[in-house]
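Structure file my_file.txt; described as compact mmCIF, C-alpha atoms and all ligand atoms.
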```
# COMPACT_ATOMS: atom_id res chain seq x y z
CA MET G 1 0.00 0.00 0.00
CA LYS G 2 0.98 3.61 -0.47
CA ILE G 3 0.44 5.52 2.79
CA LEU G 4 0.68 9.30 3.13
CA ILE G 5 1.05 10.90 6.55
CA THR G 6 0.56 14.55 7.48
CA GLY G 7 2.47 16.21 10.33
CA SER G 8 5.42 13.85 9.93
CA ASN G 9 7.69 16.09 12.06
CA GLY G 10 5.54 15.52 15.15
CA LEU G 11 5.84 12.81 17.79
CA LEU G 12 3.35 10.43 16.17
CA GLY G 13 4.46 11.45 12.67
CA GLN G 14 8.10 10.52 13.30
CA LYS G 15 7.12 7.23 14.94
CA LEU G 16 5.10 6.43 11.82
CA ILE G 17 8.16 7.13 9.67
CA GLU G 18 10.17 4.73 11.89
CA HIS G 19 7.39 2.15 11.55
CA TYR G 20 7.36 2.29 7.74
CA LYS G 21 11.15 2.25 7.48
CA LEU G 22 10.91 -1.21 9.09
CA ASN G 23 7.77 -2.31 7.21
CA THR G 24 9.09 -1.88 3.70
CA GLU G 25 6.26 -3.74 1.95
CA HIS G 26 4.44 -0.38 2.12
CA THR G 27 5.47 2.87 0.44
CA LEU G 28 5.50 5.95 2.65
CA ILE G 29 4.97 9.56 1.64
CA ALA G 30 5.81 11.70 4.68
CA THR G 31 4.55 15.28 4.65
CA ALA G 32 4.96 18.13 7.12
CA ARG G 33 5.10 21.88 7.33
CA GLY G 34 8.56 23.08 6.19
CA GLU G 35 11.71 20.94 6.25
CA ASP G 36 11.83 17.22 7.08
CA ARG G 37 13.09 16.99 10.71
CA PHE G 38 13.37 13.17 10.83
CA ALA G 39 17.00 12.40 11.71
CA ASN G 40 17.66 9.21 9.71
CA LYS G 41 16.41 10.16 6.26
CA GLY G 42 15.90 7.72 3.38
CA GLY G 43 13.48 4.91 2.63
CA TYR G 44 10.52 7.24 2.16
CA THR G 45 9.49 10.22 0.05
CA TYR G 46 9.18 13.62 1.72
CA GLU G 47 6.96 16.49 0.58
CA SER G 48 6.57 19.78 2.38
CA LEU G 49 2.83 20.22 3.02
CA ASP G 50 0.98 22.78 5.12
CA ILE G 51 -2.46 21.20 5.40
CA THR G 52 -4.18 24.56 5.98
CA ASP G 53 -3.47 25.31 2.29
CA ALA G 54 -6.36 23.71 0.36
CA SER G 55 -4.69 23.84 -3.04
CA GLU G 56 -1.47 22.28 -1.70
CA VAL G 57 -3.46 19.46 -0.05
CA ALA G 58 -5.18 18.77 -3.36
CA ARG G 59 -1.90 18.97 -5.32
CA VAL G 60 0.21 16.71 -3.07
CA LEU G 61 -2.44 14.05 -2.50
CA THR G 62 -3.44 13.96 -6.17
CA LEU G 63 0.21 13.72 -7.23
CA HIS G 64 0.95 10.73 -4.98
CA GLN G 65 -2.42 8.93 -5.11
CA PRO G 66 -2.06 7.24 -1.68
CA HIS G 67 -4.36 4.35 -0.73
CA ALA G 68 -4.59 5.74 2.81
CA VAL G 69 -3.85 9.09 4.47
CA ILE G 70 -3.07 9.28 8.20
CA ASN G 71 -3.72 12.78 9.53
CA THR G 72 -1.48 13.34 12.56
CA ALA G 73 -1.07 17.11 12.05
CA ALA G 74 -2.88 19.20 14.63
CA MET G 75 -2.55 22.15 16.98
CA THR G 76 -1.92 19.99 20.03
CA ASN G 77 -1.11 22.62 22.66
CA VAL G 78 -4.41 22.66 24.54
CA ASP G 79 -3.79 26.01 26.25
CA ALA G 80 -2.68 27.72 23.01
CA CYS G 81 -5.91 26.51 21.36
CA GLU G 82 -7.87 28.28 24.10
CA SER G 83 -6.33 31.68 23.27
CA GLU G 84 -5.52 31.27 19.54
CA ARG G 85 -8.92 30.06 18.40
CA GLU G 86 -8.65 31.05 14.76
CA ALA G 87 -5.36 29.19 14.30
CA CYS G 88 -6.85 26.21 16.13
CA ASP G 89 -9.90 26.17 13.82
CA ASP G 90 -7.72 26.54 10.71
CA LEU G 91 -5.63 23.47 11.50
CA ASN G 92 -7.84 21.23 13.62
CA VAL G 93 -11.09 21.80 11.73
CA ASN G 94 -10.82 23.52 8.33
CA ALA G 95 -7.74 21.60 7.15
CA VAL G 96 -9.58 18.36 7.90
CA LYS G 97 -12.28 19.44 5.40
CA PHE G 98 -9.56 19.81 2.72
CA LEU G 99 -8.21 16.34 3.50
CA VAL G 100 -11.68 14.77 3.41
CA GLN G 101 -12.46 16.42 0.08
CA THR G 102 -9.28 15.29 -1.67
CA CYS G 103 -9.36 11.81 -0.11
CA ASN G 104 -12.88 11.41 -1.54
CA GLU G 105 -11.71 12.61 -4.97
CA ILE G 106 -8.77 10.20 -5.19
CA GLY G 107 -10.49 7.28 -3.40
CA ALA G 108 -8.13 7.28 -0.39
CA HIS G 109 -9.06 5.96 3.05
CA LEU G 110 -8.65 8.69 5.71
CA VAL G 111 -7.39 7.82 9.19
CA HIS G 112 -7.95 10.85 11.38
CA VAL G 113 -6.28 11.03 14.81
CA SER G 114 -8.41 12.36 17.66
CA THR G 115 -8.36 12.69 21.42
CA ASP G 116 -9.87 11.85 24.81
CA PHE G 117 -10.29 15.64 25.29
CA ILE G 118 -13.59 15.43 23.35
CA PHE G 119 -15.07 14.05 26.61
CA ASP G 120 -16.00 15.80 29.85
CA GLY G 121 -14.26 13.17 31.95
CA THR G 122 -16.85 12.14 34.53
CA HIS G 123 -15.76 8.47 34.48
CA GLY G 124 -13.34 6.10 32.84
CA PRO G 125 -11.90 4.13 31.21
CA ILE G 126 -14.42 4.58 28.39
CA ASN G 127 -15.24 2.82 25.14
CA GLU G 128 -15.88 4.10 21.61
CA LEU G 129 -19.62 4.59 22.22
CA GLU G 130 -19.27 7.22 24.96
CA LYS G 131 -21.07 10.51 24.25
CA PRO G 132 -18.62 13.41 23.65
CA ALA G 133 -18.92 16.66 25.65
CA PRO G 134 -15.71 18.70 25.33
CA LEU G 135 -14.57 21.12 28.05
CA SER G 136 -11.87 23.01 26.11
CA TYR G 137 -11.61 24.79 22.78
CA TYR G 138 -9.10 22.14 21.67
CA GLY G 139 -11.64 19.43 22.55
CA HIS G 140 -14.36 21.25 20.64
CA SER G 141 -12.13 21.62 17.58
CA LYS G 142 -11.20 17.93 17.58
CA LEU G 143 -14.85 16.92 17.99
CA LYS G 144 -15.86 19.15 15.05
CA ALA G 145 -13.19 17.46 12.95
CA GLU G 146 -14.50 14.01 13.90
CA GLN G 147 -17.99 15.07 12.81
CA ILE G 148 -16.67 16.39 9.49
CA VAL G 149 -14.88 13.09 8.86
CA MET G 150 -17.86 10.92 9.87
CA GLU G 151 -20.39 12.92 7.87
CA ASN G 152 -18.39 13.58 4.70
CA ALA G 153 -15.59 11.10 4.14
CA THR G 154 -16.34 8.14 1.87
CA SER G 155 -13.84 5.81 3.53
CA TRP G 156 -12.68 6.75 7.03
CA SER G 157 -11.58 5.78 10.49
CA ILE G 158 -10.92 7.79 13.63
CA ALA G 159 -8.11 6.76 15.96
CA ARG G 160 -8.68 8.34 19.38
CA THR G 161 -5.74 8.45 21.75
CA VAL G 162 -4.73 9.60 25.25
CA LEU G 163 -1.68 11.34 26.77
CA VAL G 164 1.04 10.33 24.32
CA PHE G 165 4.68 9.99 25.45
CA GLY G 166 7.94 9.18 23.71
CA ILE G 167 10.97 10.80 22.16
CA VAL G 168 11.90 11.81 18.60
CA SER G 169 14.46 14.22 17.20
CA ASP G 170 13.88 17.98 17.21
CA MET G 171 10.57 17.83 19.11
CA SER G 172 8.35 20.90 19.01
CA ARG G 173 6.68 19.83 22.28
CA SER G 174 7.67 17.79 25.32
CA ASN G 175 5.39 15.32 27.12
CA ILE G 176 4.63 14.39 30.71
CA VAL G 177 7.15 11.54 30.99
CA LEU G 178 10.09 13.56 29.63
CA TRP G 179 9.02 16.62 31.64
CA ALA G 180 8.80 14.72 34.93
CA LYS G 181 12.04 12.80 34.35
CA GLU G 182 13.97 15.97 33.56
CA ALA G 183 12.54 17.93 36.50
CA LEU G 184 13.31 15.18 39.01
CA GLU G 185 16.79 14.57 37.58
CA THR G 186 17.64 18.24 38.03
CA GLY G 187 16.25 18.29 41.57
CA LYS G 188 13.27 20.49 40.73
CA PRO G 189 10.20 20.09 42.96
CA ILE G 190 7.01 19.50 40.94
CA LYS G 191 3.29 19.60 41.66
CA VAL G 192 1.32 16.81 40.00
CA VAL G 193 -2.43 16.33 39.84
CA SER G 194 -3.97 13.28 41.47
CA ASP G 195 -7.55 13.94 40.29
CA GLN G 196 -6.93 13.32 36.56
CA PHE G 197 -6.89 9.74 35.31
CA ARG G 198 -5.58 8.48 31.94
CA THR G 199 -4.34 5.45 30.01
CA PRO G 200 -0.96 6.89 28.84
CA THR G 201 0.08 5.90 25.34
CA LEU G 202 3.56 5.10 24.11
CA ALA G 203 4.03 6.89 20.76
CA GLU G 204 5.27 3.63 19.14
CA ASP G 205 2.06 1.85 20.16
CA LEU G 206 -0.06 4.67 18.74
CA ALA G 207 1.90 4.50 15.47
CA ASN G 208 1.33 0.73 15.31
CA GLY G 209 -2.38 1.21 15.97
CA CYS G 210 -2.72 3.86 13.26
CA ALA G 211 -0.77 1.71 10.79
CA LEU G 212 -3.01 -1.31 11.53
CA ILE G 213 -6.10 0.80 10.93
CA ALA G 214 -4.73 2.24 7.67
CA GLU G 215 -3.52 -1.10 6.30
CA LYS G 216 -6.82 -2.85 7.09
CA LYS G 217 -8.79 0.23 5.97
CA ALA G 218 -10.72 -0.43 9.16
CA SER G 219 -13.90 1.56 9.33
CA GLY G 220 -15.26 3.56 12.28
CA ILE G 221 -13.87 4.73 15.61
CA TYR G 222 -11.00 2.97 17.42
CA ASN G 223 -9.59 3.71 20.86
CA ILE G 224 -5.81 3.45 20.56
CA SER G 225 -4.09 4.04 23.90
CA GLY G 226 -1.98 2.30 26.51
CA ARG G 227 -3.52 -0.53 28.55
CA ASP G 228 -2.77 0.79 32.06
CA PHE G 229 -5.23 3.15 33.78
CA MET G 230 -3.70 5.49 36.38
CA SER G 231 -3.85 8.96 37.88
CA VAL G 232 -1.38 11.50 36.54
CA PHE G 233 0.27 11.55 39.97
CA ASP G 234 0.63 7.77 39.85
CA LEU G 235 2.11 8.07 36.36
CA VAL G 236 4.81 10.48 37.55
CA TYR G 237 5.43 8.34 40.66
CA ARG G 238 6.00 5.33 38.39
CA VAL G 239 8.39 7.40 36.23
CA ALA G 240 10.33 8.31 39.39
CA ASP G 241 10.34 4.68 40.47
CA PHE G 242 11.54 3.43 37.08
CA TRP G 243 14.53 5.81 36.89
CA LYS G 244 15.13 5.74 40.70
CA LEU G 245 14.56 9.46 41.08
CA ASP G 246 13.81 11.44 44.24
CA LYS G 247 10.09 11.07 45.00
CA SER G 248 10.29 13.62 47.82
CA LEU G 249 10.30 16.29 45.08
CA LEU G 250 6.70 15.35 44.18
CA THR G 251 3.75 17.22 45.64
CA ILE G 252 0.19 16.05 45.13
CA SER G 253 -2.12 18.71 43.73
CA THR G 254 -5.71 19.04 42.58
CA SER G 255 -6.48 20.36 39.10
CA GLU G 256 -7.60 23.59 40.82
CA GLY G 257 -4.18 23.88 42.40
CA ILE G 258 -2.30 24.19 39.11
CA LYS G 259 -3.29 27.12 36.98
CA GLN G 260 -3.97 26.04 33.39
CA PRO G 261 -5.96 28.18 30.92
CA ALA G 262 -7.85 25.25 29.35
CA LYS G 263 -10.01 22.84 31.36
CA ARG G 264 -8.90 19.18 31.29
CA PRO G 265 -11.35 16.29 31.61
CA PRO G 266 -10.80 14.75 35.08
CA ILE G 267 -11.23 11.06 34.24
CA THR G 268 -10.74 9.60 30.78
CA GLY G 269 -8.62 6.62 29.80
CA PHE G 270 -9.76 4.21 27.15
CA ARG G 271 -11.00 0.66 26.93
CA ILE G 272 -9.09 -0.77 23.99
CA ASP G 273 -10.80 -4.18 23.58
CA LYS G 274 -12.16 -3.23 20.15
CA ALA G 275 -8.69 -2.45 18.75
CA ILE G 276 -7.22 -5.59 20.36
CA ASN G 277 -9.96 -7.88 19.04
CA GLU G 278 -10.52 -6.39 15.59
CA LEU G 279 -7.04 -5.14 14.66
CA GLY G 280 -4.65 -7.25 16.73
CA TYR G 281 -3.47 -4.06 18.50
CA ASN G 282 -1.12 -5.06 21.31
CA PRO G 283 0.27 -2.13 23.30
CA ARG G 284 3.05 -2.45 25.86
CA THR G 285 2.50 -2.03 29.59
CA PHE G 286 3.43 1.41 30.94
CA GLU G 287 6.75 0.16 32.36
CA GLU G 288 7.60 -1.64 29.08
CA GLY G 289 7.07 1.71 27.37
CA LEU G 290 9.44 3.41 29.83
CA ALA G 291 12.01 0.67 29.19
CA LEU G 292 11.88 1.32 25.44
CA LEU G 293 12.19 5.06 26.02
CA ASP G 294 15.17 4.41 28.32
CA GLU G 295 16.95 2.45 25.56
CA GLN G 296 16.32 5.28 23.10
CA LEU G 297 17.62 7.91 25.53
CA LYS G 298 20.84 5.93 26.00
CA LYS G 299 21.56 5.89 22.25
N1 LIG D 301 0.20 14.32 22.36
C1 LIG D 301 -0.86 13.91 23.05
O1 LIG D 301 -0.80 13.73 24.26
C2 LIG D 301 -2.16 13.61 22.32
C3 LIG D 301 -3.25 13.15 23.06
C4 LIG D 301 -4.45 12.88 22.39
C5 LIG D 301 -4.52 13.07 21.02
N2 LIG D 301 -3.45 13.54 20.33
C6 LIG D 301 -3.59 13.73 18.89
O2 LIG D 301 -2.60 12.95 18.26
C7 LIG D 301 -2.18 13.57 17.04
C8 LIG D 301 -0.67 13.61 16.97
O3 LIG D 301 -0.19 14.35 18.06
P1 LIG D 301 1.36 14.46 18.39
O4 LIG D 301 1.51 14.13 19.82
O5 LIG D 301 2.19 13.76 17.38
O6 LIG D 301 1.52 16.04 18.26
P2 LIG D 301 2.76 16.93 17.82
O7 LIG D 301 4.03 16.29 18.21
O8 LIG D 301 2.44 18.30 18.31
O9 LIG D 301 2.66 16.89 16.23
C9 LIG D 301 1.76 17.65 15.49
C10 LIG D 301 2.48 18.06 14.23
O10 LIG D 301 1.60 18.82 13.40
C11 LIG D 301 2.42 19.71 12.70
N3 LIG D 301 1.73 20.82 12.10
C12 LIG D 301 1.36 21.99 12.67
N4 LIG D 301 0.76 22.78 11.77
C13 LIG D 301 0.77 22.10 10.59
C14 LIG D 301 0.31 22.40 9.29
N5 LIG D 301 -0.32 23.56 9.01
N6 LIG D 301 0.50 21.49 8.31
C15 LIG D 301 1.12 20.32 8.57
N7 LIG D 301 1.59 19.98 9.79
C16 LIG D 301 1.41 20.86 10.79
C17 LIG D 301 3.38 20.22 13.76
O11 LIG D 301 4.49 20.79 13.10
P3 LIG D 301 5.67 21.56 13.88
O12 LIG D 301 6.43 20.45 14.56
O13 LIG D 301 6.41 22.19 12.77
O14 LIG D 301 5.00 22.50 14.82
C18 LIG D 301 3.70 18.95 14.52
O15 LIG D 301 4.88 18.35 14.03
C19 LIG D 301 -2.89 14.92 17.01
O16 LIG D 301 -4.04 14.81 16.20
C20 LIG D 301 -3.33 15.14 18.43
O17 LIG D 301 -4.50 15.95 18.50
C21 LIG D 301 -2.26 13.79 20.95
```

How would this structure read if it were set down as structure tokens?
Amino acid sequence: MKILITGSNGLLGQKLIEHYKLNTEHTLIATARGEDRFANKGGYTYESLDITDASEVARVLTLHQPHAVINTAAMTNVDACESEREACDDLNVNAVKFLVQTCNEIGAHLVHVSTDFIFDGTHGPINELEKPAPLSYYGHSKLKAEQIVMENATSWSIARTVLVFGIVSDMSRSNIVLWAKEALETGKPIKVVSDQFRTPTLAEDLANGCALIAEKKASGIYNISGRDFMSVFDLVYRVADFWKLDKSLLTISTSEGIKQPAKRPPITGFRIDKAINELGYNPRTFEEGLALLDEQLKK
């Protein structure tokens, strides 16, 4: 199959490049805004593509005629989405319309990546049938995009994920595991919330899940996250435990106690039985994910 990914400089995007460099029976077209930031180039085709430009989306997708498109590009900074609403709409909503339109024209299957932040977080872990009720502008934008995909795309799937962690080169954004590890290693005290619950997702597992969906042209919504449900405080505690860092630097906080512009859903986390049973998705445990990250950090 020929697979085209958007946002290939991002965390998920770069893990998808790594995935397809190993799975050479498929041809990969990686696209991102500006220059290719993947460190070990070769084995795939790169095209610069800003997905907010409708004519460029049409040109690049029509030129390459992919069988499937995986849309990983998004404005992922939840607090920035709250204050920069127009930019958030342009990328998280309007650009998705351009992708849907061209995918329909060329007969490509669209895999759109979405989030647990479309929910209000009253309970968890949740399955694919839960009713969305976003609390933040980011959540609203991602829900609108899901609706555009579901209502207009001819062949589509939505891969929803939760709190992604991992490392790639030249990252535009950190993540909770790297943030906590670095703070504790440098002796910095940190406040961590104990009233938010998630199923943290290793970026490699998310890439595998998205690739399985694309290659099977699976239809509908799939929860693609880690398998372990925990509070964010517990997550950071387990990070400290894994790397034998000083846990006395951790202070428990409530969500109220840390000032963040955008509201986060208190309890999410996903049930992933559907992806396991229908796709053969098989994510690592949280500690197995940390072990892989540890190997990568040592290289
Ligand atoms: N990270 C999480 O915890 C999380 C949780 C739930 C869902 N998700 C979803 O998972 C997906 C992948 O997230 P991620 O963690 O890989 O995020 P990421 O690392 O922030 O990657 C997003 C990528 O999109 C790129 N991008 C921005 N504007 C673009 C444009 N106009 N055209 C093309 N690319 C553009 C960014 O480029 P630059 O690098 O140049 O800025 C960035 O590389 C997103 O849909 C996100 O909503 C993520």

### Message
Need to verify the contact set: Asn92 in chain G, 9 Å, only C-alpha atoms, exclusion of same-chain residues closer than 2 positions in sequence. Can you return it as an MDAnalysis selection string?
### Response
chainID G and resid 73:76 87:90 94:96 138 141:142 144:145

### Message
At a cut-off of 8 Å around ligand LIG 301 (chain D), and using all atoms listed in the file, what residues come up? Please write them as an MDAnalysis selection string.
### Response
chainID G and resid 6:14 31:34 49:53 71:77 91:92 95 112:117 142 160:165 171:173 175 201 203

### Query
Any idea what the distance is between CA of Lys97 in chain G and CA of Ile118 in chain G?
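Between these atoms lies a distance of 18.4 Å.
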
### Message
I'd like to know which of G:Val78, G:Ala211, G:Leu249, G:Ile221 is closest to Asn127 in chain G, using all atoms listed in the file.
### Response
G:Ile221

### Task
Go ahead and compute the interatomic distance for CA of Arg37 in chain G and CA of Arg85 in chain G, in Å to one decimal.
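Separation of CA of Arg37 in chain G and CA of Arg85 in chain G: 26.7 Å.
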
### Message
Show me the residues close to (11.6, 1.2, 9.7) - anything with an atom within 12 Å, counting all atoms listed in the file - and format the list as a ChimeraX atom specification.
### Response
/G:14-28,40-44,204,207-208

### Using only C-alpha atoms: which of G:Pro132, G:Gly139, G:Gly220, G:Gly187 has the shortest distance to Ala159 in chain G
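Closest residue, counting only C-alpha atoms: G:Gly220.
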
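Here CA of Ile224 in chain G stands at a distance of 18.9 Å from CA of Leu293 in chain G.
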
### Message
Just checking: using all atoms listed in the file, which residue out of G:Arg59, G:Lys131, G:Lys298, G:Lys244 ends up closest to Leu99 in chain G?
### Response
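Result for the nearest residue to Leu99 in chain G: G:Arg59.
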
### Task
Give the answer as one residue: which of G:Ile29, G:Arg264, G:Arg238, G:Ala39 has the shortest atom-to-atom distance to Asp170 in chain G, using all atoms listed in the file?
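Smallest separation from Asp170 in chain G among the options: G:Ala39.
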
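Take the candidates G:Pro66, G:Pro134, G:Gly121, G:Gly257 and check each one against Ile106 in chain G using only C-alpha atoms; the shortest distance goes to G:Pro66.
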
### Task
Skip Ser136 in chain G itself and residues of its chain fewer than 6 positions away, then list as a ChimeraX atom specification all residues within 7 Å of it, counting all atoms listed in the file.
/G:82,262-263

### Query
What's the 8 Å shell around Ile272 in chain G, counting all atoms listed in the file, without same-chain residues fewer than 4 positions away, as a ChimeraX atom specification?
/G:127,222-225,227,276

Now that the selection is made, can you save its residues with C-alpha atoms as a compact mmCIF listing (two decimals), keeping the file's coordinate frame?
```txt
# COMPACT_ATOMS: atom_id res chain seq x y z
CA ASN G 127 -15.24 2.82 25.14
CA TYR G 222 -11.00 2.97 17.42
CA ASN G 223 -9.59 3.71 20.86
CA ILE G 224 -5.81 3.45 20.56
CA SER G 225 -4.09 4.04 23.90
CA ARG G 227 -3.52 -0.53 28.55
CA ILE G 276 -7.22 -5.59 20.36
```

### Query
With only C-alpha atoms as the atoms that count, which of G:Ala183, G:Val100, G:Ala218, G:Val177 lies nearest to Val239 in chain G?
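The answer is G:Val177, which sits nearest to Val239 in chain G.
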
### Point (17.5, 9.0, 24.8), cut-off 10 Å, counting all atoms listed in the file, residues as a count of residues only
13

Range 155-169 of chain G rebuilt with N, CA, C and O atoms, output as a compact mmCIF listing (two decimals), in the coordinates of the input:
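What landed in part.txt:
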```txt
# COMPACT_ATOMS: atom_id res chain seq x y z
N SER G 155 -14.50 6.94 2.88
CA SER G 155 -13.84 5.81 3.53
C SER G 155 -13.00 6.39 4.67
O SER G 155 -12.07 7.15 4.42
N TRP G 156 -13.33 6.05 5.91
CA TRP G 156 -12.68 6.75 7.03
C TRP G 156 -12.57 5.88 8.27
O TRP G 156 -13.31 4.91 8.45
N SER G 157 -11.63 6.28 9.12
CA SER G 157 -11.58 5.78 10.49
C SER G 157 -11.06 6.91 11.38
O SER G 157 -10.35 7.79 10.91
N ILE G 158 -11.42 6.82 12.64
CA ILE G 158 -10.92 7.79 13.63
C ILE G 158 -10.17 7.00 14.69
O ILE G 158 -10.72 6.05 15.25
N ALA G 159 -8.91 7.40 14.92
CA ALA G 159 -8.11 6.76 15.96
C ALA G 159 -8.02 7.75 17.12
O ALA G 159 -7.35 8.78 17.01
N ARG G 160 -8.73 7.44 18.21
CA ARG G 160 -8.68 8.34 19.38
C ARG G 160 -7.57 7.88 20.31
O ARG G 160 -7.42 6.67 20.56
N THR G 161 -6.82 8.83 20.85
CA THR G 161 -5.74 8.45 21.75
C THR G 161 -5.70 9.33 23.00
O THR G 161 -6.47 10.28 23.12
N VAL G 162 -4.80 8.99 23.92
CA VAL G 162 -4.73 9.60 25.25
C VAL G 162 -3.28 9.86 25.64
O VAL G 162 -2.44 8.95 25.51
N LEU G 163 -2.97 11.01 26.13
CA LEU G 163 -1.68 11.34 26.77
C LEU G 163 -0.49 10.55 26.17
O LEU G 163 -0.04 9.56 26.74
N VAL G 164 0.01 11.06 25.06
CA VAL G 164 1.04 10.33 24.32
C VAL G 164 2.43 10.71 24.86
O VAL G 164 2.70 11.87 25.13
N PHE G 165 3.30 9.70 25.02
CA PHE G 165 4.68 9.99 25.45
C PHE G 165 5.67 9.24 24.58
O PHE G 165 5.35 8.21 23.98
N GLY G 166 6.89 9.79 24.52
CA GLY G 166 7.94 9.18 23.71
C GLY G 166 8.94 10.24 23.34
O GLY G 166 8.82 11.40 23.75
N ILE G 167 9.95 9.83 22.57
CA ILE G 167 10.97 10.80 22.16
C ILE G 167 11.28 10.64 20.68
O ILE G 167 11.36 9.52 20.16
N VAL G 168 11.44 11.78 20.00
CA VAL G 168 11.90 11.81 18.60
C VAL G 168 12.86 12.98 18.49
O VAL G 168 13.02 13.75 19.43
N SER G 169 13.50 13.12 17.32
CA SER G 169 14.46 14.22 17.20
C SER G 169 13.74 15.54 16.96
O SER G 169 12.68 15.57 16.33
```
